[in-house]
Each structure stands twice: as C-alpha cells, then as structure tokens.
file query_12.csv (CSV, C-alpha atoms)
chain,number,residue,atom,x,y,z
A,1,MET,CA,0.0,0.0,0.0
A,2,MET,CA,1.1,3.5,-0.7
A,3,ALA,CA,-0.2,6.9,0.6
A,4,THR,CA,0.9,10.5,0.2
A,5,ALA,CA,0.0,13.3,2.5
A,6,PHE,CA,0.8,17.0,2.5
A,7,CYS,CA,1.1,19.4,5.4
A,8,PRO,CA,1.6,23.2,4.9
A,9,ALA,CA,4.6,25.0,6.4
A,10,HIS,CA,3.5,27.3,9.2
A,11,ILE,CA,5.0,30.6,10.4
A,12,THR,CA,4.3,31.9,13.9
A,13,GLY,CA,4.4,35.7,14.4
A,14,PHE,CA,4.0,35.6,18.3
A,15,PHE,CA,3.0,33.2,20.9
A,16,LYS,CA,2.5,32.3,24.6
A,17,ALA,CA,3.6,28.9,25.7
A,18,GLU,CA,1.3,26.8,27.8
A,19,LEU,CA,3.4,24.1,29.6
A,20,SER,CA,1.8,23.7,33.0
A,21,LYS,CA,-0.4,20.7,32.2
A,22,LYS,CA,0.7,17.1,32.7
A,23,ASP,CA,-1.1,15.7,29.6
A,24,SER,CA,0.9,16.5,26.5
A,25,LYS,CA,-2.4,17.0,24.5
A,26,GLN,CA,-3.2,19.9,26.8
A,27,LEU,CA,0.2,21.5,26.2
A,28,GLY,CA,1.0,23.9,23.4
A,29,SER,CA,0.7,27.6,22.7
A,30,LEU,CA,-1.6,30.5,22.2
A,31,GLY,CA,-0.5,32.7,19.4
A,32,ALA,CA,-1.0,33.7,15.8
A,33,GLY,CA,0.4,32.8,12.4
A,34,PHE,CA,-0.3,31.5,9.0
A,35,SER,CA,0.2,28.4,6.7
A,36,ILE,CA,1.6,28.7,3.2
A,37,GLU,CA,1.1,26.6,0.1
A,38,LYS,CA,4.7,25.3,0.3
A,39,GLY,CA,5.3,22.6,3.0
A,40,VAL,CA,6.1,18.9,3.4
A,41,LYS,CA,4.8,16.1,1.2
A,42,THR,CA,5.3,12.6,2.6
A,43,THR,CA,4.9,9.3,0.8
A,44,VAL,CA,4.7,6.1,2.7
A,45,THR,CA,5.0,2.7,0.9
A,46,VAL,CA,4.2,-0.5,3.0
A,47,ARG,CA,5.1,-4.1,2.0
A,48,GLU,CA,5.7,-7.4,3.7
A,49,LYS,CA,9.1,-7.6,5.4
A,50,THR,CA,11.6,-10.1,4.0
A,51,LYS,CA,14.7,-11.8,5.3
A,52,HIS,CA,16.8,-9.5,3.2
A,53,ASP,CA,15.6,-6.4,5.0
A,54,ILE,CA,18.2,-5.2,7.5
A,55,SER,CA,15.7,-2.9,9.3
A,56,ASN,CA,11.9,-2.3,9.4
A,57,PHE,CA,12.0,1.0,7.6
A,58,THR,CA,13.9,3.5,5.5
A,59,ILE,CA,13.5,7.3,5.7
A,60,LYS,CA,14.7,9.7,3.0
A,61,VAL,CA,14.5,13.5,3.0
A,62,ASN,CA,14.6,15.2,-0.4
A,63,GLY,CA,16.3,12.1,-1.9
A,64,PHE,CA,18.9,11.5,0.8
A,65,GLU,CA,19.0,9.4,4.0
A,66,SER,CA,19.3,11.9,6.8
A,67,GLY,CA,21.2,11.4,10.1
A,68,ASP,CA,18.7,12.8,12.6
A,69,MET,CA,15.2,11.6,11.9
A,70,LYS,CA,14.0,11.4,15.5
A,71,VAL,CA,10.6,12.9,14.8
A,72,SER,CA,9.8,10.6,11.9
A,73,GLU,CA,11.1,7.5,13.8
A,74,LEU,CA,9.0,8.4,16.8
A,75,ILE,CA,5.9,8.9,14.7
A,76,LEU,CA,6.4,5.5,13.1
A,77,SER,CA,6.8,3.9,16.5
A,78,LYS,CA,3.2,5.0,17.4
A,79,PHE,CA,1.7,2.9,14.6
A,80,SER,CA,1.4,-0.9,14.5
A,81,ALA,CA,3.5,-2.1,11.5
A,82,GLU,CA,4.5,-5.6,12.7
A,83,GLY,CA,5.8,-7.8,9.9
A,84,LYS,CA,5.9,-4.8,7.5
A,85,PHE,CA,8.6,-2.9,5.8
A,86,VAL,CA,7.9,0.8,5.7
A,87,ASN,CA,9.5,3.2,3.2
A,88,ILE,CA,9.2,6.9,4.0
A,89,ILE,CA,10.0,9.7,1.7
A,90,HIS,CA,9.8,13.3,2.9
A,91,GLU,CA,9.9,16.1,0.2
A,92,ILE,CA,10.5,19.4,2.1
A,93,GLU,CA,9.8,22.5,0.0
A,94,VAL,CA,11.1,25.1,2.5
A,95,PRO,CA,14.4,25.5,4.3
A,96,VAL,CA,14.6,23.6,7.6
A,97,GLY,CA,15.3,25.5,10.9
A,98,TYR,CA,14.2,28.9,9.5
A,99,GLY,CA,10.8,29.2,11.3
A,100,PHE,CA,8.6,27.3,8.9
A,101,GLY,CA,7.4,24.6,11.4
A,102,CYS,CA,9.1,21.9,9.3
A,103,SER,CA,9.2,19.3,12.2
A,104,ALA,CA,5.4,19.7,12.7
A,105,ALA,CA,4.8,19.4,8.9
A,106,VAL,CA,7.0,16.3,8.8
A,107,ALA,CA,5.2,14.7,11.8
A,108,LEU,CA,1.7,15.5,10.7
A,109,SER,CA,2.2,14.6,7.0
A,110,LEU,CA,3.8,11.3,8.0
A,111,ALA,CA,1.1,10.4,10.6
A,112,ILE,CA,-1.6,11.0,8.0
A,113,ALA,CA,0.2,8.9,5.3
A,114,LEU,CA,0.9,6.1,7.8
A,115,ASN,CA,-2.6,5.9,9.0
A,116,ASP,CA,-3.8,5.6,5.4
A,117,ALA,CA,-1.1,3.2,4.1
A,118,LEU,CA,-1.3,0.9,7.2
A,119,LYS,CA,-5.1,1.0,7.3
A,120,SER,CA,-5.0,2.0,10.9
A,121,LYS,CA,-8.5,3.5,10.9
A,122,LEU,CA,-7.6,6.3,13.3
A,123,SER,CA,-9.7,9.4,13.0
A,124,ARG,CA,-8.2,12.6,11.5
A,125,ILE,CA,-8.1,14.1,15.0
A,126,GLU,CA,-6.4,11.0,16.6
A,127,VAL,CA,-3.7,11.1,13.9
A,128,ALA,CA,-3.1,14.8,14.4
A,129,GLN,CA,-2.8,14.3,18.2
A,130,ILE,CA,0.0,11.7,17.6
A,131,ALA,CA,1.9,14.3,15.7
A,132,HIS,CA,1.3,17.0,18.4
A,133,ASP,CA,2.5,14.6,21.1
A,134,VAL,CA,5.7,13.8,19.2
A,135,GLU,CA,6.4,17.5,18.7
A,136,ILE,CA,6.1,18.1,22.4
A,137,GLU,CA,8.2,15.1,23.3
A,138,CYS,CA,11.0,16.1,20.9
A,139,LYS,CA,10.8,19.8,22.0
A,140,THR,CA,10.7,20.8,18.3
A,141,GLY,CA,7.5,23.0,18.6
A,142,LEU,CA,4.4,23.8,20.5
A,143,GLY,CA,1.5,25.1,18.3
A,144,ASP,CA,2.5,24.3,14.7
A,145,VAL,CA,0.6,21.0,14.5
A,146,LEU,CA,-2.7,22.6,15.6
A,147,ALA,CA,-2.1,25.6,13.2
A,148,SER,CA,-1.1,23.6,10.1
A,149,TYR,CA,-3.8,21.0,10.8
A,150,HIS,CA,-6.3,23.8,10.2
A,151,GLY,CA,-4.4,26.0,7.7
A,152,GLY,CA,-5.0,29.6,6.8
A,153,PHE,CA,-4.3,32.8,8.8
A,154,GLU,CA,-5.1,31.8,12.4
A,155,ILE,CA,-5.3,32.9,16.0
A,156,ARG,CA,-4.7,30.0,18.4
A,157,ASP,CA,-7.0,31.1,21.3
A,158,LYS,CA,-6.9,27.8,23.2
A,159,PRO,CA,-3.7,25.7,23.5
A,160,GLY,CA,-3.4,22.0,22.9
A,161,ALA,CA,-3.5,19.3,20.3
A,162,PRO,CA,-6.1,19.3,17.5
A,163,GLY,CA,-9.4,18.3,19.1
A,164,ILE,CA,-8.5,20.1,22.3
A,165,GLY,CA,-6.8,23.4,21.2
A,166,HIS,CA,-8.9,25.9,19.2
A,167,VAL,CA,-8.2,28.3,16.4
A,168,GLN,CA,-10.1,31.2,14.9
A,169,LYS,CA,-9.3,31.6,11.2
A,170,ILE,CA,-9.3,35.0,9.6
A,171,ASN,CA,-10.3,35.2,6.0
A,172,LEU,CA,-7.8,36.9,3.7
A,173,ASN,CA,-8.4,37.3,0.0
A,174,LYS,CA,-5.8,38.1,-2.6
A,175,ILE,CA,-2.8,38.3,-0.2
A,176,SER,CA,0.7,37.3,-1.2
A,177,ILE,CA,3.4,36.3,1.2
A,178,ILE,CA,7.0,37.0,0.5
A,179,MET,CA,9.7,35.8,2.8
A,180,ILE,CA,13.5,36.1,3.0
A,181,CYS,CA,15.5,33.6,5.1
A,182,PHE,CA,19.1,34.1,6.2
A,183,SER,CA,20.0,31.4,8.8
A,184,PRO,CA,18.4,28.9,11.1
A,185,ILE,CA,17.7,29.2,14.8
A,186,SER,CA,17.2,26.2,17.2
A,187,THR,CA,13.6,26.2,18.4
A,188,SER,CA,14.3,23.7,21.2
A,189,LYS,CA,17.2,25.8,22.5
A,190,PHE,CA,15.1,29.0,22.4
A,191,ILE,CA,12.1,27.4,24.1
A,192,LYS,CA,14.4,26.1,26.9
A,193,GLU,CA,16.3,29.3,27.6
A,194,ARG,CA,13.9,32.2,26.8
A,195,LEU,CA,10.4,31.1,27.7
A,196,SER,CA,9.9,33.4,30.8
A,197,GLU,CA,10.5,36.5,28.6
A,198,ILE,CA,8.0,35.5,26.0
A,199,ASN,CA,4.7,34.6,27.8
A,200,GLY,CA,3.5,38.0,29.1
A,201,LEU,CA,3.7,39.8,25.9
A,202,GLY,CA,2.4,36.9,23.7
A,203,GLY,CA,-0.8,36.5,25.7
A,204,LYS,CA,-1.5,40.2,25.5
A,205,MET,CA,-1.0,40.2,21.8
A,206,VAL,CA,-3.4,37.3,21.3
A,207,ASN,CA,-6.2,39.3,23.0
A,208,GLU,CA,-5.4,42.4,20.9
A,209,LEU,CA,-5.5,40.4,17.6
A,210,LEU,CA,-8.8,38.7,18.5
A,211,GLU,CA,-10.2,42.2,18.6
A,212,SER,CA,-8.7,43.7,15.4
A,213,LYS,CA,-8.4,40.5,13.3
A,214,ASN,CA,-6.2,42.5,11.0
A,215,TYR,CA,-3.2,41.1,9.1
A,216,GLU,CA,-1.3,44.4,9.2
A,217,HIS,CA,-1.8,44.7,12.9
A,218,PHE,CA,-0.5,41.1,13.2
A,219,GLN,CA,2.7,42.0,11.4
A,220,GLU,CA,3.3,45.0,13.6
A,221,MET,CA,2.9,42.9,16.7
A,222,SER,CA,5.2,40.2,15.3
A,223,LEU,CA,7.9,42.8,14.8
A,224,GLU,CA,7.4,44.1,18.3
A,225,PHE,CA,7.5,40.6,19.7
A,226,ALA,CA,10.8,39.7,17.9
A,227,LYS,CA,12.4,42.9,19.2
A,228,TYR,CA,11.2,42.2,22.7
A,229,VAL,CA,12.6,38.7,22.9
A,230,ASN,CA,15.8,39.8,21.1
A,231,VAL,CA,15.9,37.6,18.0
A,232,MET,CA,16.5,40.5,15.6
A,233,THR,CA,19.9,40.4,14.0
A,234,PRO,CA,21.6,43.4,12.3
A,235,ARG,CA,20.9,42.1,8.8
A,236,MET,CA,17.2,41.4,9.7
A,237,GLN,CA,16.9,45.0,11.0
A,238,LYS,CA,18.3,46.2,7.7
A,239,VAL,CA,15.6,44.4,5.8
A,240,VAL,CA,12.9,45.6,8.1
A,241,ASN,CA,14.2,49.2,7.8
A,242,GLU,CA,14.3,49.0,4.0
A,243,LEU,CA,10.7,47.7,3.9
A,244,SER,CA,9.5,50.2,6.4
A,245,ASN,CA,11.0,53.1,4.5
A,246,ASN,CA,8.9,52.0,1.6
A,247,ASN,CA,5.7,51.8,3.7
A,248,ILE,CA,5.7,47.9,3.6
A,249,LYS,CA,4.8,46.1,6.8
A,250,CYS,CA,6.5,42.9,7.8
A,251,GLY,CA,6.9,40.4,10.6
A,252,ILE,CA,9.5,37.9,11.9
A,253,ALA,CA,9.1,34.1,11.8
A,254,LEU,CA,9.7,32.3,15.1
A,255,PHE,CA,12.2,30.9,15.3
A,256,GLY,CA,14.5,31.6,12.4
A,257,GLU,CA,16.3,34.5,10.8
A,258,THR,CA,13.4,35.0,8.5
A,259,ILE,CA,11.3,38.1,7.6
A,260,PHE,CA,7.9,37.8,6.0
A,261,SER,CA,5.6,40.3,4.4
A,262,MET,CA,1.9,39.8,3.9
A,263,ILE,CA,0.9,42.1,1.1
A,264,PRO,CA,-1.8,42.8,-1.5
A,265,LYS,CA,-0.9,41.0,-4.8
A,266,GLU,CA,-0.2,44.4,-6.6
A,267,ASN,CA,2.7,45.1,-4.2
A,268,GLU,CA,4.6,41.9,-5.0
A,269,GLU,CA,7.1,43.4,-7.5
A,270,ASN,CA,8.0,46.2,-5.2
A,271,VAL,CA,8.7,43.9,-2.2
A,272,LEU,CA,10.7,41.5,-4.4
A,273,LYS,CA,12.8,44.3,-5.8
A,274,ILE,CA,13.7,45.4,-2.2
A,275,LEU,CA,14.5,41.9,-1.0
A,276,LYS,CA,16.7,41.1,-4.0
A,277,LYS,CA,19.1,43.7,-2.7
A,278,PHE,CA,20.0,41.2,0.1
A,279,SER,CA,21.9,38.6,-2.0
A,280,ASP,CA,22.7,36.3,1.0
A,281,GLY,CA,19.1,35.6,1.7
A,282,ILE,CA,16.7,32.9,0.3
A,283,ILE,CA,13.6,34.5,-1.1
A,284,ILE,CA,10.3,32.5,-1.0
A,285,LYS,CA,7.0,33.6,-2.5
A,286,SER,CA,3.8,31.8,-1.7
A,287,LYS,CA,0.1,32.1,-1.0
A,288,LEU,CA,-1.9,31.2,2.1
A,289,ASP,CA,-2.9,27.5,2.4
A,290,ASP,CA,-6.4,27.6,3.7
A,291,VAL,CA,-7.0,23.8,3.6
A,292,GLY,CA,-4.5,22.5,6.1
A,293,ALA,CA,-2.9,19.0,6.4
A,294,ARG,CA,-4.5,16.4,4.1
A,295,ILE,CA,-4.2,13.1,2.3
A,296,LEU,CA,-3.3,13.5,-1.4
A,297,ASN,CA,-4.2,10.2,-2.9
A,298,ASN,CA,-7.5,8.7,-1.7

call {"tool": "encode", "arguments": {"input": "query_12.csv", "output": "structure tokens"}}
result
Amino acid sequence: MMATAFCPAHITGFFKAELSKKDSKQLGSLGAGFSIEKGVKTTVTVREKTKHDISNFTIKVNGFESGDMKVSELILSKFSAEGKFVNIIHEIEVPVGYGFGCSAAVALSLAIALNDALKSKLSRIEVAQIAHDVEIECKTGLGDVLASYHGGFEIRDKPGAPGIGHVQKINLNKISIIMICFSPISTSKFIKERLSEINGLGGKMVNELLESKNYEHFQEMSLEFAKYVNVMTPRMQKVVNELSNNNIKCGIALFGETIFSMIPKENEENVLKILKKFSDGIIIKSKLDDVGARILNN
C-alpha cells in the first residue's frame, strides 16, 4: 500500500507557551500565524518484510538518507507495523530551521500517510494528536501542529492538540506572502532558555489580535515581539528598515532568521525588488494554504 499526504509549512508571528499541564495533548501555545502553500509532502509505501531487509524502515529526505530523523522514527513507532517494511519519503519545500514549522509538517504529513497506508483506521483528530504529542516530546515545537492542521491565517485562542486546542481563522483574500531567510535558529534551545520573557507579551497580543483580526496589525505585533525577545539580528533589521522606508509592513518568523511580508498582490514586485538587494538571503514567494494538512491520494 502507498499513501501520500501534505502538510503546509507554518509561520508563527508571536505566541505564549502553555506548559503547566501534565497531559501533552493539553500543552501547546496560544498565538497567531499562517500556513503557506509550500510545505512537506510525505509518501509512505508499505510491503511485507523479507529476510533481506536489515531494518523495518527507511527514511529519506529530499532524496537522501538523513542522520537525525528522531521525529519521523517516533511517529512511526506510534503505529502498528509488525511484519511490515515501511519506506518513508519526505519532500520538504522550505528550508529547515528557519521558522517554517518543518518538524510539525514532517510529523503530521507522516502520521496522516501512515494511517492511510497501514489501514490503521484512526480518526483525523487522533492522527493529528499523535503528531502533536511527538512535537512536544521532541521539543521541536508547541503550536505548529494545531495551526497547520487547520491551515489559513489563524489565531490560536486555546492551546493543545487538534481536538483540544482551538483556532479562529481570519479570512484573507488576494494576499501574497514573500519571505526572506538568512540562517536557522534552534527552536528547542530557544524554548528552553527564553520562555519566561515570552509569555506575558504573547498572551496580551493574542487578545489584541482577537479584537482587530487585521493582518497588518498582526505583522506590527510580530515585529514588536521579535524585538522584545531579542531575536533581531543586524541584517534582519536592515531588511525591516528598508521595507518600512517603503511603507511595507513585515513580521518575523519564530524561530528563524526569516522576515515575512503579507501584502496585496499588486505590491509583489515592489517587495521582491527590495529583498533582491540582500543577496545572501533565500527569497520564497507563496500564498496562504487555507485547507491545512491532508491526504493527497485517496
């Protein structure tokens, strides 16, 4: 059996971590962000295991066997695949470690594909909760599974796994998203070391955005949040200044040295022209993904 699933990449603009509960499904974050049409596509092929198979599975990322696949291996361990050989192929369309929620997209797309290929008959919510639990266990994220499960431009107003946490989606029409990425930042290291600084401001911003429900306001708060928790680097500040001088709003992806700008489609060329001045950055253009994580080949 073979199954392919897709999970959009997700960018968080600001958040408040909720880590006081004992049940991992209750843990997560309040916050706001958006999912984009680029993300992770995962294909799972299942066959009977033979005496020639050295292990029970193989995992490849963008055509290569990767050293650290803890998230994928842990997801696989949550499914019953006795007597089977499982081949997993992740195709990642965005740079890893730059604030795109890649680990969540890997976990959720894999869980969805495994459920289908192994005929596990878990509900969509149960599958997503497995991905959320693994993210919490690996300390690779807090709210990305909930957000990318739903897709769109969202406010996470109740923390937790899908089925427990809650999002309010804000409808955005004809908005383009242009991002520039410079270098990765370790999410697990940041969560461990800087959490106390983050929570007060993040919770306040969630309440403010629930009132305004405005994407420009969201970008202003994202920028304020990034400055407050001190993730702004000099070259990020240069990009922000250049955009600001041209009356273009932007925000910062958490956590990565990545700036994003949500703009009306007619402003695309102007933003691209500015970002192309920064030759050491990776420029990515996308639209919102309003569907969320899904199976691709039913």

call {"tool": "residues_around", "arguments": {"input": "query_12.csv", "residues": "segment 138-148 of chain A", "least_positions_apart": "5", "cutoff": "6 Å", "atoms": "all atoms listed in the file", "output": "ChimeraX atom specification"}}
result
/A:8,10,28-29,101,104,132,161-162,188,292

call {"tool": "atom_distance", "arguments": {"input": "query_12.csv", "atom1": "atom CA of Ile198 of chain A", "atom2": "atom CA of Lys227 of chain A"}}
result
11.0 Å

call {"tool": "closest_residue", "arguments": {"input": "query_12.csv", "among": "A:Phe260, A:Phe14, A:Phe153, A:Tyr228", "to": "Leu272 of chain A", "atoms": "only C-alpha atoms"}}
result
A:Phe260

call {"tool": "residues_around", "arguments": {"input": "query_12.csv", "residues": "Ala111 of chain A", "least_positions_apart": "4", "cutoff": "9 Å", "atoms": "all atoms listed in the file", "output": "PyMOL selection string"}}
result
chain A and resi 5+72+75-76+78-79+106-107+115-116+127-128+130-131

call {"tool": "atom_distance", "arguments": {"input": "query_12.csv", "atom1": "atom CA of Asn173 of chain A", "atom2": "atom CA of Leu223 of chain A"}}
result
22.7 Å

call {"tool": "residues_near_point", "arguments": {"input": "query_12.csv", "point": "(5.2, 43.9, 7.1)", "cutoff": "10 Å", "atoms": "all atoms listed in the file", "output": "list in words"}}
result
Ile177, Ile178, Tyr215, Glu216, His217, Phe218, Gln219, Glu220, Met221, Ser222, Leu223, Val240, Leu243, Ser244, Asn247, Ile248, Lys249, Cys250, Gly251, Ile252, Ile259, Phe260, Ser261, Met262, Ile263 and Val271 of chain A

call {"tool": "closest_residue", "arguments": {"input": "query_12.csv", "among": "A:Gln26, A:Ala32, A:Ala293, A:Gly99", "to": "Arg156 of chain A", "atoms": "all atoms listed in the file"}}
result
A:Ala32

call {"tool": "closest_residue", "arguments": {"input": "query_12.csv", "among": "A:Gly33, A:Pro95, A:Lys49, A:Asp133", "to": "Ile283 of chain A", "atoms": "all atoms listed in the file"}}
result
A:Pro95

call {"tool": "residues_around", "arguments": {"input": "query_12.csv", "residues": "Met2 of chain A", "least_positions_apart": "3", "cutoff": "7 Å", "atoms": "only C-alpha atoms", "output": "list in words"}}
result
Val44, Thr45, Val46 and Ala117 of chain A

call {"tool": "write_last_selection", "arguments": {"input": "query_12.csv", "atoms": "C-alpha atoms", "output": "PDB file, in the coordinates of the input"}}
result
ATOM      1  CA  VAL A  44       4.700   6.100   2.700  1.00  0.00           C
ATOM      2  CA  THR A  45       5.000   2.700   0.900  1.00  0.00           C
ATOM      3  CA  VAL A  46       4.200  -0.500   3.000  1.00  0.00           C
ATOM      4  CA  ALA A 117      -1.100   3.200   4.100  1.00  0.00           C
TER       5      ALA A 117
END

call {"tool": "closest_residue", "arguments": {"input": "query_12.csv", "among": "A:Thr4, A:Cys181, A:Pro234, A:Gly13", "to": "Leu114 of chain A", "atoms": "only C-alpha atoms"}}
result
A:Thr4

call {"tool": "atom_distance", "arguments": {"input": "query_12.csv", "atom1": "atom CA of Ala253 of chain A", "atom2": "atom CA of Met179 of chain A"}}
result
9.2 Å

call {"tool": "closest_residue", "arguments": {"input": "query_12.csv", "among": "A:Ile185, A:Val206, A:Val291, A:Ile92", "to": "Val231 of chain A", "atoms": "all atoms listed in the file"}}
result
A:Ile185

call {"tool": "closest_atom_pairs", "arguments": {"input": "query_12.csv", "of": "segment 16-132 of chain A", "to": "segment 163-168 of chain A", "cutoff": "8 Å", "atoms": "only C-alpha atoms", "output": "Markdown table"}}
result
| residue | atom | partner | partner_atom | distance |
| --- | --- | --- | --- | --- |
| A:Lys25 | CA | A:Ile164 | CA | 7.2 |
| A:Gln26 | CA | A:Ile164 | CA | 7.0 |
| A:Ile125 | CA | A:Gly163 | CA | 6.0 |
| A:Gln129 | CA | A:Gly163 | CA | 7.8 |

call {"tool": "residues_around", "arguments": {"input": "query_12.csv", "residues": "Phe57 of chain A", "least_positions_apart": "2", "cutoff": "12 Å", "atoms": "all atoms listed in the file", "output": "list of chain:residue names"}}
result
A:Val44, A:Thr45, A:Val46, A:Arg47, A:Glu48, A:Lys49, A:Thr50, A:Asp53, A:Ile54, A:Ser55, A:Ile59, A:Lys60, A:Glu65, A:Met69, A:Ser72, A:Glu73, A:Leu76, A:Ser77, A:Ala81, A:Glu82, A:Gly83, A:Lys84, A:Phe85, A:Val86, A:Asn87, A:Ile88, A:Ile89

call {"tool": "closest_residue", "arguments": {"input": "query_12.csv", "among": "A:Ala9, A:Met236, A:Met1, A:Leu275", "to": "Asp290 of chain A", "atoms": "only C-alpha atoms"}}
result
A:Ala9

call {"tool": "residues_around", "arguments": {"input": "query_12.csv", "residues": "Lys174 of chain A", "least_positions_apart": "5", "cutoff": "9 Å", "atoms": "only C-alpha atoms", "output": "PDB file with C-alpha atoms, in the coordinates of the input"}}
result
ATOM      1  CA  ILE A 263       0.900  42.100   1.100  1.00  0.00           C
ATOM      2  CA  PRO A 264      -1.800  42.800  -1.500  1.00  0.00           C
ATOM      3  CA  LYS A 265      -0.900  41.000  -4.800  1.00  0.00           C
ATOM      4  CA  LYS A 287       0.100  32.100  -1.000  1.00  0.00           C
TER       5      LYS A 287
END
